Structures are given as structure tokens and as C-alpha cells.
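This is work_16.txt. It holds compact mmCIF, C-alpha atoms.
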```txt
# COMPACT_ATOMS: atom_id res chain seq x y z
CA MET A 144 104.54 99.95 85.97
CA TYR A 145 100.75 99.90 85.64
CA VAL A 146 99.97 96.28 85.98
CA ILE A 147 96.93 94.10 85.86
CA VAL A 148 97.47 91.06 88.02
CA ASN A 149 95.02 88.23 87.80
CA ARG A 150 94.37 86.12 90.83
CA ASP A 151 95.06 82.68 89.43
CA GLN A 152 98.41 82.68 91.17
CA PRO A 153 99.46 79.86 93.51
CA ALA A 154 98.94 80.47 97.21
CA THR A 155 101.61 80.56 99.90
CA HIS A 156 100.65 79.15 103.28
CA LEU A 157 101.05 79.62 106.97
CA PRO A 158 99.26 77.01 109.10
CA GLY A 159 95.54 77.45 108.34
CA ILE A 160 96.15 80.55 106.20
CA GLU A 161 96.12 80.69 102.40
CA HIS A 162 97.89 83.84 101.20
CA ARG A 163 98.19 85.65 97.89
CA THR A 164 100.03 88.95 97.45
CA LEU A 165 97.76 90.77 94.98
CA ALA A 166 100.12 93.74 94.59
CA GLY A 167 103.38 94.83 96.16
CA GLY A 168 107.07 95.15 95.37
CA ASP A 169 106.82 92.88 92.33
CA GLN A 170 104.43 95.44 90.78
CA GLY A 171 106.81 98.34 91.47
CA LEU A 172 105.07 99.50 94.63
CA ALA A 173 107.05 100.87 97.60
CA ARG A 174 104.38 102.35 99.88
CA LEU A 175 101.54 99.83 99.54
CA SER A 176 100.89 96.10 99.61
CA VAL A 177 97.57 94.35 99.12
CA TRP A 178 97.09 90.76 100.24
CA GLU A 179 94.26 88.27 99.95
CA GLN A 180 93.99 85.73 102.73
CA ILE A 181 91.65 82.86 103.53
CA VAL A 182 91.80 81.77 107.16
CA ALA A 183 90.42 78.28 107.85
CA PRO A 184 87.85 77.73 110.61
CA GLY A 185 89.69 77.67 113.93
CA ALA A 186 92.89 79.08 112.45
CA GLU A 187 94.55 82.37 113.38
CA THR A 188 97.53 84.54 112.61
CA PRO A 189 100.23 84.59 115.26
CA PRO A 190 100.01 87.64 117.51
CA HIS A 191 102.23 90.11 115.64
CA GLN A 192 102.99 93.76 114.94
CA HIS A 193 104.49 95.88 112.16
CA ASP A 194 105.57 99.46 111.64
CA CYS A 195 102.90 100.19 109.05
CA GLU A 196 99.19 100.88 109.03
CA GLU A 197 96.86 98.06 108.04
CA VAL A 198 93.27 97.95 106.83
CA VAL A 199 91.46 94.61 106.61
CA VAL A 200 88.22 94.28 104.64
CA VAL A 201 86.25 91.12 105.38
CA SER A 202 84.21 89.61 102.54
CA GLU A 203 83.23 86.22 104.02
CA GLY A 204 83.23 84.56 107.41
CA TYR A 205 83.37 85.64 111.03
CA GLY A 206 86.29 86.44 113.27
CA GLU A 207 87.84 88.26 116.16
CA LEU A 208 90.47 90.97 116.14
CA ARG A 209 92.47 90.45 119.33
CA ILE A 210 94.19 93.72 120.14
CA GLY A 211 94.95 95.73 123.28
CA GLY A 212 93.30 93.15 125.54
CA GLU A 213 90.07 93.28 123.54
CA ALA A 214 88.42 90.74 121.22
CA LEU A 215 86.48 92.70 118.59
CA ARG A 216 84.00 90.68 116.52
CA TYR A 217 83.58 91.16 112.78
CA GLY A 218 81.86 89.57 109.82
CA PRO A 219 81.16 90.12 106.11
CA GLY A 220 81.26 93.83 105.34
CA SER A 221 83.43 94.76 108.32
CA THR A 222 86.55 96.87 107.93
CA LEU A 223 89.36 96.82 110.52
CA ALA A 224 91.76 99.77 110.84
CA ILE A 225 94.89 98.68 112.72
CA PRO A 226 97.47 101.29 113.74
CA PRO A 227 101.22 100.66 113.46
CA ASN A 228 103.25 98.99 116.21
CA VAL A 229 100.32 97.47 118.08
CA VAL A 230 100.27 93.70 118.63
CA HIS A 231 97.21 92.15 117.04
CA GLN A 232 95.86 88.80 115.94
CA ILE A 233 93.23 87.83 113.37
CA VAL A 234 91.22 84.77 114.40
CA ASN A 235 88.55 82.84 112.52
CA VAL A 236 85.94 82.04 115.18
CA GLY A 237 83.31 80.81 112.69
CA ALA A 238 82.55 77.48 111.03
CA THR A 239 83.37 78.71 107.50
CA PRO A 240 86.47 80.18 105.86
CA LEU A 241 87.27 83.80 106.72
CA LYS A 242 88.13 85.64 103.52
CA LEU A 243 89.74 89.06 103.66
CA LEU A 244 91.77 91.65 101.81
CA ALA A 245 94.53 93.38 103.76
CA ALA A 246 96.07 96.69 102.64
CA LEU A 247 99.36 97.67 104.29
CA SER A 248 101.05 101.05 104.02
CA THR A 249 104.48 99.80 102.96
CA THR A 250 106.45 97.27 100.93
CA ASN A 251 108.25 95.16 102.10
CA VAL A 252 106.25 94.49 105.24
CA GLU A 253 108.47 93.48 108.18
CA VAL A 254 106.59 91.61 110.87
CA TYR A 255 107.60 91.15 114.50
CA LEU A 256 106.37 88.92 117.29
CA PRO A 257 105.19 90.52 120.56
CA ASN A 258 108.68 90.05 122.05
CA GLY A 259 110.22 92.03 119.19
CA GLU A 260 111.72 89.06 117.37
CA PRO A 261 111.39 89.21 113.57
CA PHE A 262 108.77 86.88 112.10
CA PRO A 263 109.95 86.24 108.55
CA LEU A 264 106.98 85.97 106.19
CA PRO A 265 106.99 83.06 103.74
CA TRP A 266 105.66 85.30 100.96
CA GLN A 267 106.85 88.29 98.94
CA THR A 268 105.15 91.54 99.98
CA MET B 779 92.54 103.59 117.27
CA TYR B 780 91.75 100.00 116.22
CA VAL B 781 88.38 100.33 114.70
CA ILE B 782 85.80 98.08 113.20
CA VAL B 783 83.81 99.96 110.60
CA ASN B 784 80.70 98.38 109.23
CA ARG B 785 79.67 99.15 105.70
CA ASP B 786 76.14 100.34 106.27
CA GLN B 787 77.28 103.92 105.82
CA PRO B 788 75.64 106.26 103.31
CA ALA B 789 77.38 106.61 99.97
CA THR B 790 78.82 109.78 98.47
CA HIS B 791 78.49 110.17 94.72
CA LEU B 792 80.25 111.42 91.65
CA PRO B 793 78.26 111.04 88.43
CA GLY B 794 77.78 107.27 87.96
CA ILE B 795 80.03 106.44 90.93
CA GLU B 796 78.87 105.34 94.38
CA HIS B 797 81.67 105.83 96.91
CA ARG B 798 82.28 104.73 100.51
CA THR B 799 85.49 105.44 102.41
CA LEU B 800 85.96 102.20 104.35
CA ALA B 801 88.97 103.49 106.29
CA GLY B 802 91.07 106.65 106.29
CA GLY B 803 91.69 109.76 108.33
CA ASP B 804 88.53 109.30 110.38
CA GLN B 805 89.97 106.01 111.65
CA GLY B 806 93.29 107.62 112.62
CA LEU B 807 95.15 106.57 109.49
CA ALA B 808 97.74 108.83 107.85
CA ARG B 809 99.44 106.59 105.28
CA LEU B 810 96.53 104.54 103.95
CA SER B 811 92.98 104.95 102.67
CA VAL B 812 90.65 102.19 101.51
CA TRP B 813 87.63 102.98 99.37
CA GLU B 814 84.75 100.95 98.01
CA GLN B 815 83.29 102.14 94.72
CA ILE B 816 80.52 100.94 92.45
CA VAL B 817 80.76 102.34 88.93
CA ALA B 818 77.54 102.18 86.90
CA PRO B 819 77.52 100.68 83.39
CA GLY B 820 78.91 103.29 81.00
CA ALA B 821 80.25 105.48 83.80
CA GLU B 822 83.87 106.40 84.40
CA THR B 823 86.13 108.37 86.70
CA PRO B 824 87.53 111.57 85.24
CA PRO B 825 91.08 111.16 83.96
CA HIS B 826 93.10 112.06 87.05
CA GLN B 827 96.37 111.61 88.93
CA HIS B 828 97.62 111.69 92.52
CA ASP B 829 100.97 111.61 94.30
CA CYS B 830 100.31 108.25 95.94
CA GLU B 831 100.32 104.64 94.88
CA GLU B 832 96.99 102.94 94.22
CA VAL B 833 95.88 99.34 94.07
CA VAL B 834 92.42 98.48 92.76
CA VAL B 835 90.90 95.04 93.35
CA VAL B 836 87.90 94.25 91.17
CA SER B 837 85.20 91.99 92.63
CA GLU B 838 82.40 92.39 90.06
CA GLY B 839 82.00 93.74 86.54
CA TYR B 840 84.25 94.55 83.63
CA GLY B 841 86.23 97.64 82.80
CA GLU B 842 89.16 99.37 81.22
CA LEU B 843 92.10 101.09 82.86
CA ARG B 844 93.04 103.93 80.52
CA ILE B 845 96.62 104.87 81.24
CA GLY B 846 99.68 105.85 79.23
CA GLY B 847 97.79 105.64 75.93
CA GLU B 848 96.69 102.07 76.67
CA ALA B 849 93.28 100.61 77.52
CA LEU B 850 93.86 97.58 79.75
CA ARG B 851 90.88 95.27 80.24
CA TYR B 852 90.00 93.77 83.61
CA GLY B 853 87.24 91.81 85.28
CA PRO B 854 86.37 90.00 88.51
CA GLY B 855 89.57 88.90 90.27
CA SER B 856 91.80 91.46 88.54
CA THR B 857 94.14 93.68 90.52
CA LEU B 858 95.43 96.99 89.12
CA ALA B 859 98.67 98.53 90.43
CA ILE B 860 98.81 102.21 89.51
CA PRO B 861 102.01 104.19 90.15
CA PRO B 862 101.96 107.75 91.51
CA ASN B 863 101.67 110.81 89.27
CA VAL B 864 100.41 109.00 86.19
CA VAL B 865 97.11 110.10 84.67
CA HIS B 866 94.62 107.23 84.66
CA GLN B 867 90.93 106.58 84.28
CA ILE B 868 88.72 103.71 85.45
CA VAL B 869 85.90 102.96 83.01
CA ASN B 870 83.03 100.48 83.27
CA VAL B 871 82.76 98.99 79.79
CA GLY B 872 80.34 96.22 80.80
CA ALA B 873 76.56 95.95 81.15
CA THR B 874 76.64 95.42 84.93
CA PRO B 875 77.96 97.47 87.86
CA LEU B 876 81.73 97.49 88.33
CA LYS B 877 82.51 96.95 92.01
CA LEU B 878 85.98 97.57 93.34
CA LEU B 879 88.09 98.26 96.39
CA ALA B 880 90.82 100.89 96.04
CA ALA B 881 93.75 101.14 98.46
CA LEU B 882 95.78 104.36 98.34
CA SER B 883 99.09 104.96 100.08
CA THR B 884 98.15 108.18 101.85
CA THR B 885 95.45 110.14 103.68
CA ASN B 886 94.21 112.64 102.67
CA VAL B 887 94.29 111.84 98.97
CA GLU B 888 94.74 114.93 96.81
CA VAL B 889 93.59 114.42 93.24
CA TYR B 890 94.56 116.46 90.18
CA LEU B 891 93.23 116.67 86.64
CA PRO B 892 95.62 116.01 83.74
CA ASN B 893 96.28 119.77 83.44
CA GLY B 894 97.40 119.89 87.09
CA GLU B 895 94.28 121.60 88.43
CA PRO B 896 93.09 120.24 91.78
CA PHE B 897 90.00 118.02 91.58
CA PRO B 898 88.38 118.33 95.02
CA LEU B 899 86.84 115.02 96.07
CA PRO B 900 83.31 115.15 97.49
CA TRP B 901 84.23 112.56 100.15
CA GLN B 902 86.52 112.35 103.17
CA THR B 903 89.59 110.17 102.54
```
The structure in this file should be written as C-alpha cells.
Amino acid sequence: MYVIVNRDQPATHLPGIEHRTLAGGDQGLARLSVWEQIVAPGAETPPHQHDCEEVVVVSEGYGELRIGGEALRYGPGSTLAIPPNVVHQIVNVGATPLKLLAALSTTNVEVYLPNGEPFPLPWQT
Amino acid sequence: MYVIVNRDQPATHLPGIEHRTLAGGDQGLARLSVWEQIVAPGAETPPHQHDCEEVVVVSEGYGELRIGGEALRYGPGSTLAIPPNVVHQIVNVGATPLKLLAALSTTNVEVYLPNGEPFPLPWQT
């Protein structure tokens, strides 16, 4: 149950997003998932929401958090704290890859579009 | 409630450990805390346990996770998944600082020594 995962795992992709689940259900977790994502310049997540808390820590690149009608800018060293059930979108507004870690307060993470439709993730959480 | 925290905050210290709470109760979170820690060469956390799940992502340095009678080695790019209520210890066994992010599945995080005594943290979670 105490696992060391090394990061040389293959990535899963959404358009413009390279995703790796660093820890989650496969490591026996139920209340926590940690993801690594690299968002290409100009790429973005879909606007989405989930019934869990999320913290994003940015290590490289520049982006916007679109949430509640605002567009909050961030860069290397920024941390985003996103409450549950609020539609948000992560956008890379820079010319270089946006690299981040995302911690989510559950496993599995169920994601919904703004209209409430499920958005099935292509990766294991 | 959706907050961008920048990392130029002062650190709190345990012996040999530089700590920053990147996100937690102060950002309105209840089910998630994210910490940044830099462990000096030769330094270590006390052996401890908590009733929450923990994921540690190592960005720099080399260490051991002492848990369940084992000493598991890790380095840059390693992820540790630590189940609740298991005594563990993070040790820097290298010659350079060990830099990590820790995600924990609750706020506030209550930490206990192996004998069950509370170990009050000097930082806000």
C-alpha cells in the first residue's frame, strides 16, 4: 500500500494536454489523486466542474484560470485553490508548455461539463 | 474562494525542514492540503502518522521512505503514496536538498507520534 511510483509511465492525452496520474486508485488511494499535466501553448482544458476540491501547482509556463467570469493569471510558482462544483478552465496563454501538478480530494474523479453532462476522462484517476 | 497563491511566502521550520503551506484551510479548503518542503541533507521528519492519505512528489534530491520496516529509496520524479494511519518517516539520504510537494487528503492535518501522542505542527495546514 505504500508505493513509490516513478514517472516514466506513458502519457494519456486530451487535445493539447499530456496527462499522467502520479497517484490515485491504482495506489490504493480513495480520498486523493495527484496528476501531472503538460498543456501545450494555446491549449486548454474544457470548461468543467467536479465535486471535489482541487489544488494546482504550476512549475513552468503561464496561464489563465477562467472561473466565475474572471481570468486569473498565473505563472511558475503559482498555486490555484479551486473549490468544488464551480466551473473552471485552465488555459495556457504563453508561448511555452504549461507544466502543473493537480491534487484532487477524491478518487475516482468524476468530471462534468457546465451543462451537467458527464465528461468521461480518458485516464484512470 | 478560487485563489492564486504565490510562493513568496515566508517559510516555517522544523529542524532541517523548510515548510510552506501552498494551499489549505486559509484558502477555504476542507478536504485537501498541499505543502512544499525542503529537507536539508541529513535531515528527516520525525516518524509520524496521520488519519489521512498522503502523496509526496519529489522534484529534487534523494531520500528514503521508512515505513513498515522498509526503507524505500526515491529521487527526482518519484511519487510516494502513503496510506492513512501508518507510521512513516521521510529522510534525506543525499548530499543535496530534498525538495518535495506533499498533498494530504484533509485540512487541518493532525499528526501523531508512533506512540499516539499528538505532534502539534508549527504551521497552518
Need the shell around stretch 203-206 of chain A: protein/DNA/RNA residues with any atom at most 6 Å away, counting only C-alpha atoms. Skip same-chain ones fewer than 4 positions apart. Format as a PDB file with C-alpha atoms, keeping the file's coordinate frame?
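Output (around-v1.pdb):
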```pdb
ATOM      1  CA  ARG A 216      84.000  90.680 116.520  1.00  0.00           C
ATOM      2  CA  TYR A 217      83.580  91.160 112.780  1.00  0.00           C
ATOM      3  CA  GLY A 218      81.860  89.570 109.820  1.00  0.00           C
ATOM      4  CA  PRO A 219      81.160  90.120 106.110  1.00  0.00           C
ATOM      5  CA  VAL A 234      91.220  84.770 114.400  1.00  0.00           C
ATOM      6  CA  ASN A 235      88.550  82.840 112.520  1.00  0.00           C
ATOM      7  CA  VAL A 236      85.940  82.040 115.180  1.00  0.00           C
ATOM      8  CA  GLY A 237      83.310  80.810 112.690  1.00  0.00           C
ATOM      9  CA  THR A 239      83.370  78.710 107.500  1.00  0.00           C
ATOM     10  CA  PRO A 240      86.470  80.180 105.860  1.00  0.00           C
ATOM     11  CA  LEU A 241      87.270  83.800 106.720  1.00  0.00           C
ATOM     12  CA  LYS A 242      88.130  85.640 103.520  1.00  0.00           C
TER      13      LYS A 242
END
```
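Residue nearest A:Asn251 within the list A:His162, A:His156, A:His193, A:Arg150: A:His193 [criterion: smallest interatomic distance, all atoms listed in the file].
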Considering all atoms listed in the file, tabulate each residue of chain A that lies at most 10 Å from chain B along with its nearest interatomic pair and the corresponding distance in Å to one decimal; arrange the rows by chain and ascending residue number and present them as a tab-separated table.
```
residue	atom	partner	partner_atom	distance
A:Met144	CA	B:Pro861	CA	6.5
A:Tyr145	CA	B:Ile860	CA	4.9
A:Val146	CA	B:Ala859	CA	5.2
A:Ile147	CA	B:Leu858	CA	4.6
A:Val148	CA	B:Thr857	CA	4.9
A:Asn149	CA	B:Ser856	CA	4.6
A:Arg150	CA	B:Gly855	CA	5.6
A:Asp151	CA	B:Gly855	CA	8.3
A:Leu165	CA	B:Thr857	CA	6.4
A:Ala166	CA	B:Ala859	CA	6.5
A:Gly167	CA	B:Ala859	CA	8.3
A:Gln170	CA	B:Ala859	CA	6.5
A:Gly171	CA	B:Pro861	CA	7.7
A:Leu172	CA	B:Glu831	CA	7.0
A:Ala173	CA	B:Glu831	CA	8.2
A:Arg174	CA	B:Ser883	CA	5.9
A:Leu175	CA	B:Ser883	CA	5.7
A:Ser176	CA	B:Val833	CA	8.1
A:Val177	CA	B:Val833	CA	7.3
A:Cys195	CA	B:Arg809	CA	8.2
A:Glu196	CA	B:Leu810	CA	6.8
A:Glu197	CA	B:Leu810	CA	7.7
A:Val198	CA	B:Ala801	CA	7.0
A:Val199	CA	B:Val812	CA	9.2
A:Val200	CA	B:Leu800	CA	8.2
A:Val201	CA	B:Asn784	CA	9.9
A:Leu208	CA	B:Ile782	CA	9.0
A:Ile210	CA	B:Tyr780	CA	7.8
A:Gly211	CA	B:Tyr780	CA	8.8
A:Leu215	CA	B:Ile782	CA	7.6
A:Arg216	CA	B:Ile782	CA	8.3
A:Tyr217	CA	B:Ile782	CA	7.3
A:Gly218	CA	B:Asn784	CA	8.9
A:Pro219	CA	B:Asn784	CA	8.8
A:Gly220	CA	B:Arg785	CA	5.6
A:Ser221	CA	B:Asn784	CA	4.6
A:Thr222	CA	B:Val783	CA	4.9
A:Leu223	CA	B:Ile782	CA	4.6
A:Ala224	CA	B:Val781	CA	5.2
A:Ile225	CA	B:Tyr780	CA	4.9
A:Pro226	CA	B:Tyr780	CA	6.4
A:Pro227	CA	B:Leu807	CA	9.4
A:Val229	CA	B:Tyr780	CA	9.1
A:His231	CA	B:Tyr780	CA	9.6
A:Leu244	CA	B:Val835	CA	9.2
A:Ala245	CA	B:Ala881	CA	9.4
A:Ala246	CA	B:Ala881	CA	6.5
A:Leu247	CA	B:Leu810	CA	7.4
A:Ser248	CA	B:Leu810	CA	5.7
A:Thr249	CA	B:Ser883	CA	8.0
```
So for stretch 245-259 of chain A, what box centre and size do we get, axis-aligned, 3 Å extra on each of the six sides, every listed atom, Å to one decimal, as JSON?
```
{"center_x": 102.4, "center_y": 95.0, "center_z": 111.5, "size_x": 21.7, "size_y": 18.1, "size_z": 27.1}
```
Distance query A:Pro257 at most 7 Å, only C-alpha atoms, self and fewer than 2 positions along chain excluded, as a PDB file with C-alpha atoms, in the frame of the given file:
```pdb
ATOM      1  CA  PRO A 190     100.010  87.640 117.510  1.00  0.00           C
ATOM      2  CA  HIS A 191     102.230  90.110 115.640  1.00  0.00           C
ATOM      3  CA  GLN A 192     102.990  93.760 114.940  1.00  0.00           C
ATOM      4  CA  VAL A 230     100.270  93.700 118.630  1.00  0.00           C
ATOM      5  CA  TYR A 255     107.600  91.150 114.500  1.00  0.00           C
ATOM      6  CA  GLY A 259     110.220  92.030 119.190  1.00  0.00           C
TER       7      GLY A 259
END
```
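Among the candidates B:Gly820, B:Gln902, B:Glu842, B:Ala849, the one nearest to B:Ala873 when counting all atoms listed in the file is B:Gly820.
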Taken to one decimal, the atom CA of A:Gln180-atom CA of A:Thr155 distance is 9.6 Å
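Taking all atoms listed in the file into account, those protein, DNA and RNA residues with any atom at most 6 Å away from (78.7, 103.7, 100.9) amount to Gln787, Pro788, Ala789, His797 and Arg798 of chain B.
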Write out, as a compact mmCIF listing (two decimals), in the frame of the given file, the residues just selected, with C-alpha atoms.
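What landed in result15.txt:
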```txt
# COMPACT_ATOMS: atom_id res chain seq x y z
CA GLN B 787 77.28 103.92 105.82
CA PRO B 788 75.64 106.26 103.31
CA ALA B 789 77.38 106.61 99.97
CA HIS B 797 81.67 105.83 96.91
CA ARG B 798 82.28 104.73 100.51
```
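Relative to atom CA of B:Phe897, atom CA of B:Gly794 is found at 16.7 Å.
Here atom CA of A:Ala183 and atom CA of A:Glu161 stand 8.2 Å from one another.
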